[in-house]
file entry-v6.cif (mmCIF, C-alpha atoms)
data_target
loop_
_atom_site.label_atom_id
_atom_site.label_comp_id
_atom_site.auth_asym_id
_atom_site.auth_seq_id
_atom_site.Cartn_x
_atom_site.Cartn_y
_atom_site.Cartn_z
CA MET L 248 -1.53 5.06 39.37
CA ARG L 249 1.61 5.83 37.39
CA ILE L 250 2.18 9.49 36.49
CA LEU L 251 5.21 10.53 34.50
CA TYR L 252 6.23 14.19 34.24
CA ILE L 253 9.03 14.76 31.77
CA ILE L 254 10.70 18.13 31.54
CA LEU L 255 14.02 17.04 30.12
CA LEU L 256 12.72 14.89 27.28
CA PHE L 257 16.21 13.56 26.60
CA PHE L 258 15.45 10.84 29.12
CA LEU L 259 12.02 9.88 27.79
CA PRO L 260 12.97 7.08 25.37
CA ILE L 261 14.82 5.32 28.19
CA VAL L 262 12.15 5.83 30.82
CA ALA L 263 9.01 5.22 28.79
CA TYR L 264 9.95 2.57 26.21
CA GLY L 265 8.07 -0.66 26.83
CA GLN L 266 5.77 0.75 29.52
CA PRO L 267 2.20 -0.44 28.84
CA SER L 268 0.48 2.91 29.47
CA ASN L 269 -3.17 2.69 28.45
CA LYS L 270 -3.94 6.36 29.04
CA ILE L 271 -1.37 8.93 27.95
CA LEU L 272 -1.66 12.70 27.97
CA LEU L 273 0.61 14.94 25.89
CA VAL L 274 0.44 18.49 27.15
CA ASN L 275 1.32 21.84 25.58
CA GLY L 276 2.77 20.87 22.20
CA LEU L 277 2.63 22.61 18.82
CA LEU L 278 0.54 20.14 16.83
CA HIS L 279 0.93 19.73 13.07
CA VAL L 280 -2.20 17.67 12.41
CA GLY L 281 -1.08 16.42 8.98
CA ASN L 282 -4.14 17.63 7.08
CA GLY L 283 -2.92 21.23 6.91
CA ASP L 284 -4.19 22.35 10.31
CA VAL L 285 -2.03 23.53 13.21
CA VAL L 286 -3.04 23.53 16.89
CA GLU L 287 -0.97 25.62 19.27
CA SER L 288 -0.67 24.55 22.91
CA ALA L 289 -2.35 21.28 22.08
CA LEU L 290 -3.38 18.71 24.62
CA ILE L 291 -3.66 15.19 23.19
CA GLY L 292 -5.29 12.31 25.03
CA ILE L 293 -4.45 8.74 24.05
CA GLU L 294 -6.41 5.73 25.24
CA ASP L 295 -5.84 2.10 24.24
CA GLY L 296 -3.65 3.09 21.31
CA LYS L 297 -6.04 5.64 19.79
CA ILE L 298 -6.36 9.40 20.06
CA SER L 299 -9.30 10.09 22.35
CA MET L 300 -9.22 13.89 22.46
CA ILE L 301 -7.45 16.99 21.18
CA LYS L 302 -7.99 20.22 23.10
CA ASN L 303 -6.34 23.51 23.92
CA ALA L 304 -4.11 22.93 26.94
CA TYR L 305 -5.12 26.22 28.54
CA ALA L 306 -8.84 25.44 28.32
CA TYR L 307 -8.64 22.00 29.94
CA THR L 308 -8.24 21.13 33.59
CA ILE L 309 -6.00 18.10 34.01
CA ARG L 310 -7.02 15.52 36.59
CA GLU L 311 -3.90 13.55 37.29
CA ASP L 312 -5.75 10.49 38.57
CA GLU L 313 -7.37 9.98 35.14
CA TRP L 314 -4.08 9.36 33.30
CA ASP L 315 -1.36 6.73 33.55
CA THR L 316 1.29 8.94 31.94
CA ILE L 317 1.39 12.73 31.57
CA ILE L 318 4.11 14.34 29.46
CA GLU L 319 4.77 18.09 29.46
CA LEU L 320 6.10 19.06 26.02
CA ARG L 321 6.75 22.77 26.62
CA GLY L 322 5.90 23.90 23.10
CA GLN L 323 7.76 21.23 21.17
CA HIS L 324 6.46 20.04 17.79
CA ILE L 325 4.04 17.12 17.43
CA TYR L 326 3.75 15.37 14.04
CA PRO L 327 1.92 12.36 12.64
CA GLY L 328 4.31 9.48 12.00
CA PHE L 329 6.05 10.05 8.68
CA VAL L 330 5.63 7.46 5.92
CA VAL L 331 8.17 6.17 3.40
CA PRO L 332 6.32 4.74 0.34
CA ASN L 333 7.79 2.52 -2.37
CA ASN L 334 10.86 1.39 -0.45
CA THR L 335 12.85 -1.78 0.20
CA LEU L 336 13.16 -0.96 3.91
CA GLY L 337 12.84 -4.21 5.84
CA LEU L 338 13.60 -6.19 2.68
CA THR L 339 17.30 -5.39 2.51
CA GLU L 340 20.02 -4.88 5.09
CA ILE L 341 23.28 -4.32 3.21
CA ASP L 342 22.93 -3.40 -0.46
CA ALA L 343 26.35 -4.78 -1.31
CA VAL L 344 25.62 -8.19 0.23
CA ARG L 345 23.30 -10.24 -1.97
CA ALA L 346 22.22 -12.56 0.85
CA THR L 347 20.60 -9.63 2.67
CA ARG L 348 18.55 -8.49 -0.36
CA ASP L 349 15.11 -10.06 -0.41
CA TYR L 350 13.14 -7.84 -2.77
CA ASP L 351 13.78 -9.18 -6.29
CA GLU L 352 12.45 -12.62 -7.23
CA VAL L 353 13.12 -14.68 -10.36
CA GLY L 354 10.49 -14.21 -13.06
CA THR L 355 8.88 -11.49 -15.15
CA TYR L 356 5.24 -11.47 -13.94
CA ASN L 357 5.16 -12.02 -10.18
CA PRO L 358 1.96 -10.48 -8.78
CA HIS L 359 1.73 -13.41 -6.32
CA ILE L 360 5.05 -12.57 -4.63
CA ARG L 361 4.30 -10.81 -1.32
CA SER L 362 6.84 -8.56 0.36
CA GLN L 363 4.86 -8.80 3.62
CA ILE L 364 6.29 -12.18 4.63
CA ALA L 365 9.85 -11.13 3.79
CA PHE L 366 9.71 -8.03 6.01
CA ASN L 367 12.37 -8.12 8.73
CA VAL L 368 11.25 -6.21 11.81
CA GLU L 369 14.65 -6.85 13.43
CA SER L 370 16.47 -4.88 10.74
CA LYS L 371 19.06 -2.54 12.24
CA VAL L 372 18.33 -0.11 9.42
CA ILE L 373 14.76 0.33 10.67
CA SER L 374 15.91 1.61 14.06
CA THR L 375 18.00 4.33 12.36
CA VAL L 376 15.01 5.39 10.26
CA ARG L 377 12.67 5.74 13.26
CA THR L 378 15.12 8.21 14.79
CA ASN L 379 13.93 10.88 12.32
CA GLY L 380 10.21 10.28 12.85
CA VAL L 381 9.60 7.78 10.05
CA LEU L 382 7.23 5.22 11.59
CA LEU L 383 5.46 3.57 8.63
CA CYS L 384 6.67 2.19 5.30
CA GLN L 385 5.45 0.53 2.15
CA ALA L 386 7.72 -2.49 1.70
CA THR L 387 7.96 -2.81 -2.07
CA PRO L 388 9.41 -5.55 -4.32
CA ARG L 389 11.60 -4.82 -7.32
CA GLY L 390 12.44 -6.38 -10.69
CA GLY L 391 10.57 -7.87 -13.64
CA ILE L 392 7.51 -6.36 -15.29
CA ILE L 393 5.22 -7.07 -12.34
CA SER L 394 7.54 -7.11 -9.33
CA GLY L 395 5.05 -8.44 -6.81
CA THR L 396 2.67 -7.18 -4.13
CA SER L 397 3.74 -4.53 -1.63
CA ALA L 398 2.73 -4.33 2.04
CA VAL L 399 2.21 -1.37 4.35
CA MET L 400 4.11 -2.01 7.57
CA LYS L 401 4.69 -0.44 10.98
CA LEU L 402 8.36 0.07 11.82
CA ASP L 403 8.02 -1.77 15.12
CA GLY L 404 6.65 -5.13 16.18
CA TRP L 405 7.49 -8.66 17.29
CA ASN L 406 7.34 -10.10 13.76
CA TRP L 407 6.03 -9.33 10.27
CA GLU L 408 2.51 -10.32 11.26
CA ASP L 409 2.53 -7.94 14.19
CA ALA L 410 3.93 -5.12 12.03
CA THR L 411 1.42 -5.49 9.19
CA ILE L 412 -1.08 -2.73 8.46
CA ARG L 413 -2.08 -3.82 4.94
CA GLY L 414 -0.50 -7.04 3.73
CA ASN L 415 -2.12 -7.18 0.29
CA ASP L 416 -1.53 -3.56 -0.66
CA GLY L 417 -1.10 -3.59 -4.44
CA ILE L 418 0.88 -4.95 -7.36
CA HIS L 419 3.80 -3.01 -8.85
CA LEU L 420 3.91 -2.77 -12.65
CA ASN L 421 7.09 -1.47 -14.29
CA TRP L 422 5.96 0.24 -17.51
CA PRO L 423 8.44 -0.25 -20.39
CA ALA L 424 10.68 2.70 -21.24
CA THR L 425 9.99 4.61 -24.43
CA ILE L 426 13.56 5.86 -24.69
CA GLN L 427 16.90 4.05 -24.40
CA GLY L 428 20.43 5.29 -23.80
CA GLY L 429 21.47 8.49 -22.10
CA GLY L 430 24.30 7.03 -20.00
CA TRP L 431 25.13 8.87 -16.79
CA TRP L 432 26.05 12.50 -16.18
CA ALA L 433 29.83 11.94 -16.44
CA ASN L 434 29.54 9.93 -19.66
CA PRO L 435 26.38 11.03 -21.50
CA LYS L 436 25.23 9.10 -24.54
CA PRO L 437 22.58 10.05 -27.11
CA LYS L 438 19.07 8.87 -26.36
CA LYS L 439 17.06 6.97 -28.93
CA PRO L 440 13.53 5.52 -29.12
CA ASN L 441 12.99 2.03 -27.74
CA GLU L 442 12.16 0.01 -30.85
CA LYS L 443 10.52 -2.73 -28.77
CA TYR L 444 8.30 -0.36 -26.79
CA GLY L 445 5.10 -1.25 -28.67
CA GLU L 446 5.82 -4.98 -28.38
CA ASN L 447 6.55 -4.74 -24.65
CA LYS L 448 3.42 -2.68 -24.06
CA GLN L 449 1.34 -5.26 -25.92
CA LYS L 450 2.64 -8.03 -23.65
CA ILE L 451 1.36 -6.12 -20.62
CA TYR L 452 -2.06 -5.70 -22.24
CA ASP L 453 -2.14 -9.42 -23.04
CA PHE L 454 -1.32 -10.42 -19.48
CA PHE L 455 -3.93 -8.08 -18.01
CA ARG L 456 -6.58 -9.33 -20.47
CA MET L 457 -5.83 -12.87 -19.41
CA ALA L 458 -6.01 -11.90 -15.73
CA GLU L 459 -9.26 -9.97 -16.33
CA ALA L 460 -10.84 -13.01 -17.98
CA TYR L 461 -9.66 -15.21 -15.11
CA ALA L 462 -11.27 -12.83 -12.59
CA GLU L 463 -14.65 -13.23 -14.31
CA ILE L 464 -14.70 -17.04 -14.05
CA ASP L 465 -16.74 -18.36 -11.13
CA ASP L 466 -14.65 -21.44 -10.42
CA PRO L 467 -11.37 -21.13 -12.33
CA LYS L 468 -8.56 -23.63 -12.41
CA GLU L 469 -6.04 -22.47 -9.83
CA ASP L 470 -3.33 -20.15 -11.14
CA ILE L 471 -1.55 -18.27 -8.36
CA ARG L 472 -0.32 -15.50 -10.68
CA LEU L 473 -3.74 -14.71 -12.12
CA ALA L 474 -5.48 -15.21 -8.78
CA ALA L 475 -3.24 -12.49 -7.31
CA MET L 476 -4.51 -10.11 -10.01
CA THR L 477 -8.22 -10.72 -9.40
CA GLU L 478 -8.58 -8.11 -6.64
CA CYS L 479 -7.13 -5.43 -8.96
CA PHE L 480 -10.17 -5.72 -11.22
CA LYS L 481 -12.60 -5.81 -8.30
CA GLY L 482 -11.29 -2.58 -6.77
CA GLN L 483 -9.84 -4.31 -3.73
CA LYS L 484 -6.17 -3.94 -4.63
CA ARG L 485 -4.14 -1.05 -6.00
CA VAL L 486 -2.08 -1.06 -9.18
CA TYR L 487 1.13 0.94 -8.79
CA ILE L 488 2.49 1.78 -12.22
CA HIS L 489 6.12 2.87 -12.32
CA ALA L 490 6.53 5.39 -15.15
CA ASP L 491 8.34 8.70 -15.70
CA GLU L 492 8.42 9.78 -19.34
CA LEU L 493 5.59 11.76 -20.92
CA GLN L 494 4.75 9.09 -23.51
CA GLN L 495 4.72 6.46 -20.78
CA LEU L 496 2.33 8.53 -18.67
CA VAL L 497 -0.04 9.18 -21.57
CA ASP L 498 -0.09 5.46 -22.38
CA VAL L 499 -0.65 4.62 -18.71
CA LEU L 500 -3.74 6.87 -18.67
CA GLU L 501 -5.09 4.98 -21.68
CA PHE L 502 -4.22 1.64 -20.06
CA VAL L 503 -6.01 2.53 -16.81
CA ASP L 504 -9.11 3.62 -18.71
CA HIS L 505 -9.08 0.50 -20.88
CA PHE L 506 -9.14 -1.88 -17.89
CA LYS L 507 -11.26 0.41 -15.68
CA LEU L 508 -8.79 0.11 -12.82
CA LYS L 509 -10.31 1.62 -9.69
CA TYR L 510 -7.16 2.42 -7.71
CA PRO L 511 -4.25 3.18 -10.05
CA VAL L 512 -1.18 5.04 -8.75
CA ILE L 513 1.73 6.41 -10.76
CA VAL L 514 5.14 5.93 -9.15
CA GLY L 515 7.95 8.22 -10.29
CA GLY L 516 6.06 10.62 -12.55
CA TYR L 517 9.01 12.77 -13.60
CA ASP L 518 6.99 14.37 -16.44
CA SER L 519 3.67 14.29 -14.57
CA TYR L 520 3.63 18.10 -14.23
CA LEU L 521 3.01 18.27 -18.00
CA ILE L 522 -0.35 16.47 -17.76
CA THR L 523 -1.78 17.64 -14.45
CA GLN L 524 -5.26 18.21 -15.87
CA GLN L 525 -5.45 14.68 -17.28
CA LEU L 526 -4.22 13.18 -14.01
CA ARG L 527 -6.68 15.25 -12.01
CA ASP L 528 -9.59 14.32 -14.26
CA ALA L 529 -8.67 10.64 -14.05
CA ASN L 530 -8.17 10.92 -10.26
CA ILE L 531 -4.74 9.27 -10.46
CA PRO L 532 -2.30 10.19 -7.66
CA VAL L 533 1.47 10.27 -8.02
CA MET L 534 4.22 9.03 -5.73
CA ILE L 535 6.84 11.46 -7.00
CA GLN L 536 10.45 10.45 -7.38
CA ARG L 537 13.19 11.40 -4.93
CA PRO L 538 13.47 15.22 -5.03
CA HIS L 539 17.23 14.97 -4.45
CA SER L 540 17.81 13.73 -8.00
CA LEU L 541 19.46 15.14 -11.10
CA PRO L 542 17.33 16.36 -14.03
CA GLU L 543 16.63 13.65 -16.61
CA ASN L 544 17.04 15.80 -19.73
CA GLN L 545 19.56 18.43 -20.81
CA GLU L 546 16.85 20.99 -21.44
CA ASP L 547 15.23 20.58 -18.01
CA ASP L 548 15.55 23.20 -15.29
CA ILE L 549 18.32 22.42 -12.82
CA ASP L 550 15.76 22.46 -9.99
CA GLN L 551 13.17 20.38 -11.86
CA THR L 552 13.03 17.57 -9.29
CA TYR L 553 12.99 20.01 -6.38
CA LYS L 554 9.90 21.84 -7.60
CA LEU L 555 7.93 18.87 -8.98
CA ALA L 556 5.87 18.62 -5.78
CA SER L 557 4.91 22.29 -6.01
CA LEU L 558 3.94 21.94 -9.67
CA LEU L 559 1.61 19.04 -8.86
CA GLN L 560 0.19 20.93 -5.89
CA LYS L 561 -0.64 23.87 -8.16
CA GLY L 562 -2.21 21.44 -10.64
CA SER L 563 -4.41 19.93 -7.86
CA VAL L 564 -2.92 16.46 -8.35
CA LYS L 565 -2.74 14.30 -5.24
CA PHE L 566 0.85 13.28 -4.55
CA CYS L 567 3.26 12.08 -1.92
CA ILE L 568 7.05 11.94 -1.79
CA GLN L 569 9.08 8.73 -2.02
CA ASN L 570 12.82 8.09 -2.36
CA GLU L 571 13.39 5.12 -4.65
CA GLY L 572 17.02 4.94 -5.76
CA ASP L 573 20.50 4.12 -4.51
CA MET L 574 20.60 2.96 -0.88
CA GLU L 575 16.90 3.74 -0.58
CA ALA L 576 16.36 1.69 2.59
CA MET L 577 19.12 3.46 4.50
CA ASN L 578 18.10 6.80 3.00
CA ALA L 579 14.49 6.35 4.12
CA ARG L 580 15.50 8.38 7.16
CA ASN L 581 15.81 11.40 4.85
CA ILE L 582 12.12 11.48 3.89
CA PRO L 583 11.47 14.48 6.22
CA PHE L 584 14.29 16.41 4.56
CA LEU L 585 13.03 15.61 1.06
CA ALA L 586 9.77 17.22 2.16
CA GLY L 587 11.83 20.12 3.49
CA THR L 588 13.38 20.58 0.04
CA ALA L 589 9.92 20.56 -1.55
CA MET L 590 8.93 23.21 0.99
CA ALA L 591 11.90 25.36 -0.01
CA TYR L 592 10.76 25.09 -3.64
CA GLY L 593 7.11 26.03 -3.37
CA LEU L 594 5.13 24.00 -0.83
CA THR L 595 3.95 25.50 2.43
CA GLU L 596 5.20 23.85 5.60
CA GLU L 597 1.91 22.06 6.25
CA GLU L 598 1.66 20.92 2.61
CA ALA L 599 5.16 19.49 2.90
CA ILE L 600 4.24 17.66 6.11
CA ARG L 601 1.14 16.27 4.45
CA SER L 602 3.24 14.98 1.53
CA VAL L 603 5.04 12.55 3.86
CA SER L 604 2.11 11.71 6.12
CA LEU L 605 -1.61 11.97 5.30
CA SER L 606 -1.25 12.12 1.50
CA ALA L 607 0.85 8.96 1.47
CA CYS L 608 -1.72 7.20 3.65
CA GLU L 609 -4.59 8.38 1.43
CA ILE L 610 -2.86 7.05 -1.66
CA MET L 611 -2.28 3.68 0.03
CA GLY L 612 -5.80 3.58 1.48
CA ILE L 613 -4.93 3.58 5.20
CA ASP L 614 -5.90 7.20 5.94
CA LYS L 615 -8.90 6.25 8.10
CA THR L 616 -6.47 5.02 10.74
CA TYR L 617 -3.09 6.62 10.01
CA GLY L 618 -1.55 9.75 8.53
CA SER L 619 -2.85 12.52 10.78
CA VAL L 620 -3.28 13.30 14.46
CA GLN L 621 -7.06 13.31 14.80
CA VAL L 622 -9.57 11.93 17.27
CA GLY L 623 -10.37 8.28 16.61
CA LYS L 624 -7.18 7.56 14.68
CA SER L 625 -4.21 5.49 15.74
CA ALA L 626 -1.82 7.28 18.09
CA THR L 627 1.09 6.98 15.66
CA LEU L 628 2.99 10.21 16.13
CA PHE L 629 6.23 11.74 17.35
CA VAL L 630 7.55 14.82 19.14
CA SER L 631 10.54 16.81 17.91
CA LYS L 632 12.37 19.61 19.68
CA GLY L 633 12.45 21.61 16.44
CA ASN L 634 11.12 21.59 12.89
CA ALA L 635 11.22 17.96 11.76
CA LEU L 636 11.66 18.92 8.08
CA GLU L 637 14.96 20.65 8.78
CA MET L 638 18.07 18.50 9.19
CA MET L 639 19.62 20.77 11.82
CA THR L 640 16.51 20.94 14.00
CA ASN L 641 14.93 17.48 13.61
CA ASP L 642 15.46 16.03 17.09
CA VAL L 643 12.88 13.35 17.90
CA GLU L 644 12.41 12.77 21.62
CA VAL L 645 9.13 10.84 21.78
CA ALA L 646 7.58 8.43 19.29
CA LEU L 647 4.51 6.22 19.53
CA ILE L 648 3.13 3.60 17.15
CA ASP L 649 -0.44 2.57 17.94
CA GLY L 650 -0.04 4.24 21.33
CA LYS L 651 3.07 2.30 22.33
CA PHE L 652 6.31 4.11 23.04
CA VAL L 653 9.04 3.31 20.53
CA ASN L 654 12.69 2.93 21.46
CA LEU L 655 14.53 5.68 19.58
CA MET L 656 18.03 4.40 20.31
CA ASN L 657 19.90 2.77 17.42
CA PHE L 658 23.27 1.08 17.00
CA GLN L 659 24.79 4.12 15.28
CA GLU L 660 23.93 6.34 18.22
CA GLU L 661 25.19 3.68 20.63
CA LEU L 662 28.55 3.63 18.86
CA TYR L 663 28.67 7.43 18.90
CA ILE L 664 28.10 7.53 22.67
CA LYS L 665 30.56 4.70 23.25
CA TYR L 666 33.45 6.31 21.42
CA GLN L 667 32.59 9.81 22.61
CA LYS L 668 33.11 8.60 26.17
CA LYS L 669 36.30 6.79 25.19
CA TYR L 670 37.96 9.90 23.78
CA GLU L 671 36.64 12.13 26.55
CA GLN L 672 38.50 9.93 29.03
CA GLU L 673 41.72 10.14 27.03
#

call {"tool": "encode", "arguments": {"input": "entry-v6.cif", "output": "structure tokens"}}
result
Amino acid sequence: MRILYIILLFFLPIVAYGQPSNKILLVNGLLHVGNGDVVESALIGIEDGKISMIKNAYAYTIREDEWDTIIELRGQHIYPGFVVPNNTLGLTEIDAVRATRDYDEVGTYNPHIRSQIAFNVESKVISTVRTNGVLLCQATPRGGIISGTSAVMKLDGWNWEDATIRGNDGIHLNWPATIQGGGWWANPKPKKPNEKYGENKQKIYDFFRMAEAYAEIDDPKEDIRLAAMTECFKGQKRVYIHADELQQLVDVLEFVDHFKLKYPVIVGGYDSYLITQQLRDANIPVMIQRPHSLPENQEDDIDQTYKLASLLQKGSVKFCIQNEGDMEAMNARNIPFLAGTAMAYGLTEEEAIRSVSLSACEIMGIDKTYGSVQVGKSATLFVSKGNALEMMTNDVEVALIDGKFVNLMNFQEELYIKYQKKYEQE
């Protein structure tokens, strides 16, 4: 019987990584369940990769011979593994090097392109992201009108097959912009209506009508593009619609209703706070844009992006936080701190935690297994010395994906230790 007592958790990643413990007991941690609940002095039992029990540590007598590994947490924080939706993590390594970017394929309508098989589990970027408690991601293609099909992946595994949670997650539709121009903040230019907006929108309707007709044929002639769309009309595949402007969002609502899409999701949703009732009535969730962004319009509040999550929360719209934008794969590590910003601008702590854990999993349809620390779910969680949403206190010491300990060391930390020792000697 192997029993492991850890008091100085600094050594845990080295000692426990790779050990095939079937029965693990985490003792005396402050558990943030992910669904809004908090359990103080929690005792969490893990068996065969799943959470088998959650109890109060003071009301449970531990029998050491029943567990392979016992870890004393001494009041440290336990969180569900954080999730980074709508990201090119695993699909790109160095943004400035084209050969390492595998997320944008040639073509305009590419629903058949799957990011799952392009996912690189050996990415060095992934190891730096895990360090902050981010353990799951939605690997998402870019470009064109329909970019392709995203996949929900674990940030650990032997290969892309081993890392896959949901390989056929949903197609990503880039809704045409209603406004052109604007420039950037240092060189602003006047905005003007997109004269081809109606034409571009009609092309999307035409493609979806063709795909809908194809889905109704019993034995159609093979067309890989249209075949990839069939599950969208049968409620087996999500449709992620990237849109920000108010007119776009209103037209998206009409589009969703026209085709009776069962699982639509808005990605971005900058103006979504203006139509919360319509979104709530249509049961359409929003993956809100990176909170650390500048306002889109001159008349917007300076903190508009910071408080968007709170505005949707008050409007009872389901949402999660994502960070699409410059260097998004590398910046995936900042997902906890984006939630921390949303907390500073209106969300409660537990609502902020949910926005990067359970809510993201609910929107992607994997919440029965992932997203919260509850009995029967996958033991995908981590332990931090302090508040994981705060940059100065996020200090992850233990992480598990499906009950397996994850190595939290990364090449950046290795270089830090290497050169720290070098200059200490000098």

call {"tool": "residues_around", "arguments": {"input": "entry-v6.cif", "residues": "Tyr305 in chain L", "least_positions_apart": "3", "cutoff": "10 Å", "atoms": "only C-alpha atoms", "output": "VMD selection string"}}
result
chain L and resid 274 to 275 288 to 290 302 308 to 309

call {"tool": "residues_around", "arguments": {"input": "entry-v6.cif", "residues": "Leu383 in chain L", "least_positions_apart": "4", "cutoff": "7 Å", "atoms": "all atoms listed in the file", "output": "JSON list (two decimals) with C-alpha atoms, in the frame of the given file"}}
result
[["chain", "number", "residue", "atom", "x", "y", "z"],
["L", 328, "GLY", "CA", 4.31, 9.48, 12.00],
["L", 329, "PHE", "CA", 6.05, 10.05, 8.68],
["L", 330, "VAL", "CA", 5.63, 7.46, 5.92],
["L", 331, "VAL", "CA", 8.17, 6.17, 3.40],
["L", 400, "MET", "CA", 4.11, -2.01, 7.57],
["L", 401, "LYS", "CA", 4.69, -0.44, 10.98],
["L", 402, "LEU", "CA", 8.36, 0.07, 11.82]]

call {"tool": "residues_around", "arguments": {"input": "entry-v6.cif", "residues": "Leu272 in chain L", "least_positions_apart": "2", "cutoff": "9 Å", "atoms": "only C-alpha atoms", "output": "short mmCIF file (atom, residue, chain, number, x, y, z; two decimals) with C-alpha atoms, in the frame of the given file"}}
result
data_model
loop_
_atom_site.label_atom_id
_atom_site.label_comp_id
_atom_site.auth_asym_id
_atom_site.auth_seq_id
_atom_site.Cartn_x
_atom_site.Cartn_y
_atom_site.Cartn_z
CA LYS L 270 -3.94 6.36 29.04
CA VAL L 274 0.44 18.49 27.15
CA LEU L 290 -3.38 18.71 24.62
CA ILE L 291 -3.66 15.19 23.19
CA GLY L 292 -5.29 12.31 25.03
CA ILE L 293 -4.45 8.74 24.05
CA GLU L 294 -6.41 5.73 25.24
CA TRP L 314 -4.08 9.36 33.30
CA ASP L 315 -1.36 6.73 33.55
CA THR L 316 1.29 8.94 31.94
CA ILE L 317 1.39 12.73 31.57
CA ILE L 318 4.11 14.34 29.46
CA GLU L 319 4.77 18.09 29.46
#

call {"tool": "atom_distance", "arguments": {"input": "entry-v6.cif", "atom1": "CA of Tyr510 in chain L", "atom2": "CA of Ile531 in chain L"}}
result
7.8 Å

call {"tool": "residues_near_point", "arguments": {"input": "entry-v6.cif", "point": "(15.6, 8.5, 17.2)", "cutoff": "10 Å", "atoms": "only C-alpha atoms", "output": "PDB file with C-alpha atoms, keeping the file's coordinate frame"}}
result
ATOM      1  CA  PRO L 260      12.970   7.080  25.370  1.00  0.00           C
ATOM      2  CA  SER L 374      15.910   1.610  14.060  1.00  0.00           C
ATOM      3  CA  THR L 375      18.000   4.330  12.360  1.00  0.00           C
ATOM      4  CA  VAL L 376      15.010   5.390  10.260  1.00  0.00           C
ATOM      5  CA  ARG L 377      12.670   5.740  13.260  1.00  0.00           C
ATOM      6  CA  THR L 378      15.120   8.210  14.790  1.00  0.00           C
ATOM      7  CA  ASN L 379      13.930  10.880  12.320  1.00  0.00           C
ATOM      8  CA  GLY L 380      10.210  10.280  12.850  1.00  0.00           C
ATOM      9  CA  VAL L 381       9.600   7.780  10.050  1.00  0.00           C
ATOM     10  CA  PHE L 629       6.230  11.740  17.350  1.00  0.00           C
ATOM     11  CA  SER L 631      10.540  16.810  17.910  1.00  0.00           C
ATOM     12  CA  ASN L 641      14.930  17.480  13.610  1.00  0.00           C
ATOM     13  CA  ASP L 642      15.460  16.030  17.090  1.00  0.00           C
ATOM     14  CA  VAL L 643      12.880  13.350  17.900  1.00  0.00           C
ATOM     15  CA  GLU L 644      12.410  12.770  21.620  1.00  0.00           C
ATOM     16  CA  VAL L 645       9.130  10.840  21.780  1.00  0.00           C
ATOM     17  CA  ALA L 646       7.580   8.430  19.290  1.00  0.00           C
ATOM     18  CA  VAL L 653       9.040   3.310  20.530  1.00  0.00           C
ATOM     19  CA  ASN L 654      12.690   2.930  21.460  1.00  0.00           C
ATOM     20  CA  LEU L 655      14.530   5.680  19.580  1.00  0.00           C
ATOM     21  CA  MET L 656      18.030   4.400  20.310  1.00  0.00           C
ATOM     22  CA  ASN L 657      19.900   2.770  17.420  1.00  0.00           C
ATOM     23  CA  GLU L 660      23.930   6.340  18.220  1.00  0.00           C
TER      24      GLU L 660
END

call {"tool": "atom_distance", "arguments": {"input": "entry-v6.cif", "atom1": "CA of Thr396 in chain L", "atom2": "CA of Gly445 in chain L"}}
result
25.4 Å

call {"tool": "residues_around", "arguments": {"input": "entry-v6.cif", "residues": "Asp649 in chain L", "least_positions_apart": "2", "cutoff": "6 Å", "atoms": "only C-alpha atoms", "output": "list in words"}}
result
Gly296, Ser625, Ala626, Thr627 and Lys651 of chain L

call {"tool": "residues_around", "arguments": {"input": "entry-v6.cif", "residues": "Ala490 in chain L", "least_positions_apart": "3", "cutoff": "8 Å", "atoms": "all atoms listed in the file", "output": "list in words"}}
result
Asn421, Trp422, Pro423, Ala424, Gln495, Leu496, Ile513, Val514, Gly515, Gly516 and Tyr517 of chain L

call {"tool": "residues_near_point", "arguments": {"input": "entry-v6.cif", "point": "(2.9, 16.4, 8.4)", "cutoff": "7 Å", "atoms": "all atoms listed in the file", "output": "ChimeraX atom specification"}}
result
/L:279-281,326-327,597,599-601,603-604

call {"tool": "atom_distance", "arguments": {"input": "entry-v6.cif", "atom1": "CA of Met590 in chain L", "atom2": "CA of Ala304 in chain L"}}
result
29.0 Å

call {"tool": "closest_residue", "arguments": {"input": "entry-v6.cif", "among": "L:Ser619, L:Ala462, L:Ser299, L:Leu273", "to": "Ser602 in chain L", "atoms": "only C-alpha atoms"}}
result
L:Ser619

call {"tool": "resolve_selection", "arguments": {"input": "entry-v6.cif", "expression": "the PyMOL selection byres ((chain L and resi 636) around 8)", "output": "list of chain:residue names"}}
result
L:Pro583, L:Phe584, L:Leu585, L:Ala586, L:Gly587, L:Ile600, L:Asn634, L:Ala635, L:Glu637, L:Met638, L:Thr640, L:Asn641

call {"tool": "axis_aligned_box", "arguments": {"input": "entry-v6.cif", "around": "range 579-583 of chain L", "padding_each_side": "8 Å", "output": "JSON"}}
result
{"center_x": 13.6, "center_y": 10.4, "center_z": 5.5, "size_x": 20.3, "size_y": 24.1, "size_z": 19.3}

call {"tool": "closest_residue", "arguments": {"input": "entry-v6.cif", "among": "L:Gln536, L:Gln545, L:Ser519, L:Ser563", "to": "Gln494 in chain L", "atoms": "all atoms listed in the file"}}
result
L:Ser519

call {"tool": "closest_residue", "arguments": {"input": "entry-v6.cif", "among": "L:Thr588, L:Asn581, L:Gln524, L:Gln621", "to": "Lys561 in chain L", "atoms": "only C-alpha atoms"}}
result
L:Gln524

call {"tool": "closest_residue", "arguments": {"input": "entry-v6.cif", "among": "L:Tyr452, L:Ala458, L:Ile412, L:Asn544", "to": "Val503 in chain L", "atoms": "all atoms listed in the file"}}
result
L:Tyr452
